[in-house]
Every structure is written in C-alpha cells, then in structure tokens.
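Worksheet for the structure shown next.
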Amino acid sequence: MKLNKDKDGGYNYMTPEGRVISNSYTQGLGDSLGRTAIAAEIYDEDREQLLKGIQSYFRTYYSYDDIDKCLYGYTMYATRYGMEEGDFAKGTSRDHILKAIAICHRYGEHDFVKYFLKYRAKRPGRDMPYTIDQKVWFKALYNKVWSWVYLIMMIPWLIFTYLWNKFIFFIGGYTFHDSPSVLINEEHKHRSKWQRLLDKVIVPAYGFFYTTYMVRELPVKFVRRTLQKLLRIQFEKGNHFARWLCGVKVSAFHYNPTRKNRWSVFLNESCDRDMSVYLNDTVENNVELGAFMCAKNEYNEAKM
C-alpha cells in the first residue's frame, strides 16, 4: 500500500521527510511520531521513507560539559504553539517513542535502535520517566534472559488489568460499540456521575496498544505468544487492528473509518475522541483505515 503524499489530497499525508501529518487545525503534530510509526507498519511501499521519518524525530544532545550525550524523542508543535514550521519541541510521550523503537527494530533499523538504547534520555519528553517494565523491555530486545524477566513481570499485571477493567465496565454499566459513530461521543457527554468517577480508574486502552508493538519484538517465541494471548483479551472484539497485532485473524468484512485513532481507545462511554465516520476516506489518506486494511491483509482501492 502507498500513502498519500499530496498535502491537499486527503486527511493524512506524508511529508518529503517521511513524517505523517494530518489536515486539521493542529496538523496532528502532537501525535505525528506515533502516527508515522503506525504508518510504517501499514504502507509497505513507503516503509523505507517512513522509517527515515521516524528517526528524524530524534535528536542527540550533549550535556553542558560536552561529555555526556542523550537521545531525545521530539514532536513537532509548530502550528499549535506559534513556532516556525519544522521546529521541534521536547514533548513526545512514552507511547509514541516505544511504538517508534519497536517498529524500527521490526524492520531492521538495528543500528538506530541500539544507538537509542545506549544513549536514550532518562525522561522521554514530558517529564515522565520510563516505567520499570519499559526499562526491562529495552534490555529484552536483544537479550533472551531479560525476555523471561519481562514475561514474569507482565503476566500478573495483564491478568489484573483484564479483571479490573472488566469489573469497572460491569459495575459502571458501560455500553460497547462494534464500530465508531457519533453516538459514542454523545454517550461520553451524557455519562452518569458514577461513570465519570469510574473513568479515572480504567486502565486505558492506549497502554495495551503500544505494548502490543513491544511484545512482538521480544526474541523468545514462547514469551511473545503468551503475552499476546493476554493482551488480545484486553481489547473488545471490534478492535480489529490491535487484536491483529496480537495474532488474531481479522474476520470483519467492512469498516467505517474515523480520523482519530480508534485502535487505542475503548468504544464506550469512556471514549472522549471524535468518532465521526468519514465514508469517503481511502486507505491512501486515512491511516486508521489503512490499519484495518493491513490487518485484513488486502488492499481495496475503492472508497469504503
């Protein structure tokens, strides 16, 4: 599949640098690294350029004495914060960085990944340090022993989160939807006070989403398969792309695309993203739809 490269050709497009931008007020600059990483998985004909685009978001900076150096992940905030076009601002969240490193590892950019692991910043960008399990994953990428350590850490956590969220959704009376629609936005606006309280303790879907990328890169097959089984049950069955990343075959015939990342949210009252459907979008100009078609392992040039 190919990605749209015309700024006026649709919602998503790829810049000459290989970064994936959106035709919105903010241009989707805050999420562009993560979006570019997802696109590199999907658009195989543009993958080489997209991998370069991912790496262009990282900068090496030296300390005041020019001895120590670290590698930061940066996100472009140009339009939103009044910066000049192309400027970078320190502010990339951990989930975008982890997806980016996992994708680079998957498609052979090992020199870059090893350089990142050696010189990565302790805090990825928003003053949020990496968690213990994420630090273990860094070690596990090229070490089978640490892969087993990662497995031992993650099994109890994933069992707990599955049971916890299932309990929260049950006592909160949450309603799940098979496909995106504006109805989900209306339900979010009219949540009960009880649901507003429970929303604060739901383990968010985006945490499981970027973890699916991480788990696929572990060097021990048993570890991968075991964790994928525990990850796939965290998502509802309508989350086709996330479950595909966990090894589930996509059986859905049809999908109505949105322009927000549906795959990293639960489609219920807790979802605060715009779930409007855009039937005229194509896989070339909508990364979310491209993800679904990638999971189906087929390419349909007709508009969905």
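Here's how to read the names in the structure tokens: chain A, B, ... by the order shown, residue numbers from 1 in each chain, ligand numbers from 1 in the order shown.
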Near-region 266-272 of chain A list (12 Å; only C-alpha atoms; drop same-chain fewer than 4 positions) as an MDAnalysis selection string: chainID A and resid 165:166 168:169 172:209 234:239 242 260:262 276
Show which residues sit within 12 Å of Val145 (chain A), as a list in words. Count only C-alpha atoms, and ignore same-chain residues fewer than 4 positions away.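 Here the qualifying residues turn out to be Val136, Trp137, Lys139, Ala140, Leu141, Val149, Tyr150, Leu151, Ile152, Leu218, Pro219, Val220 and Val223 of chain A.
Rounded to one decimal, CA of Ile38 (chain A) and CA of Lys99 (chain A) lie 7.7 Å from each other.
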Running DSSP on the backbone, which parts of region 37-275 of chain A land in strand (DSSP E), as a PyMOL selection string? chain A and resi 58-62+69-75+89-90
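Considering the residues A:Lys52, A:Lys221, A:Lys5, A:His110 and counting only C-alpha atoms, Glu17 (chain A) has its shortest atom-to-atom contact with A:Lys52.
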Nearest to Ile159 (chain A): which of A:His105, A:Lys118, A:Lys229, A:Arg273 is it, counting only C-alpha atoms? A:Lys229
Go through A:Glu217, A:Asp274, A:Ser56, A:Thr226 and flag the residue nearest Asn143 (chain A), using only C-alpha atoms for the distances.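 That would be A:Glu217, the residue with the smallest distance to Asn143 (chain A).
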Can you list, as a PyMOL selection string, every protein, DNA or RNA residue that comes within 10 Å of Thr36 (chain A) when you count only C-alpha atoms, leaving out same-chain residues fewer than 2 positions away? chain A and resi 14+18-21+31-34+38-42+47+50-54+96+99-100+103+287
Using only C-alpha atoms, which residue out of A:Ala102, A:Val248, A:Leu29, A:Leu158 lies closest to Arg216 (chain A)? A:Ala102
Shell of 8 Å around Lys249 (chain A), only C-alpha atoms, local chain residues under 3 positions omitted, as a ChimeraX atom specification: /A:243-244,295-296
Pick out the closest residue to Thr211 (chain A) from this set: A:Ile101, A:Val113, A:Ala121, A:Cys294. Count only C-alpha atoms.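 Among A:Ile101, A:Val113, A:Ala121, A:Cys294, it is A:Ile101 that comes nearest to Thr211 (chain A).
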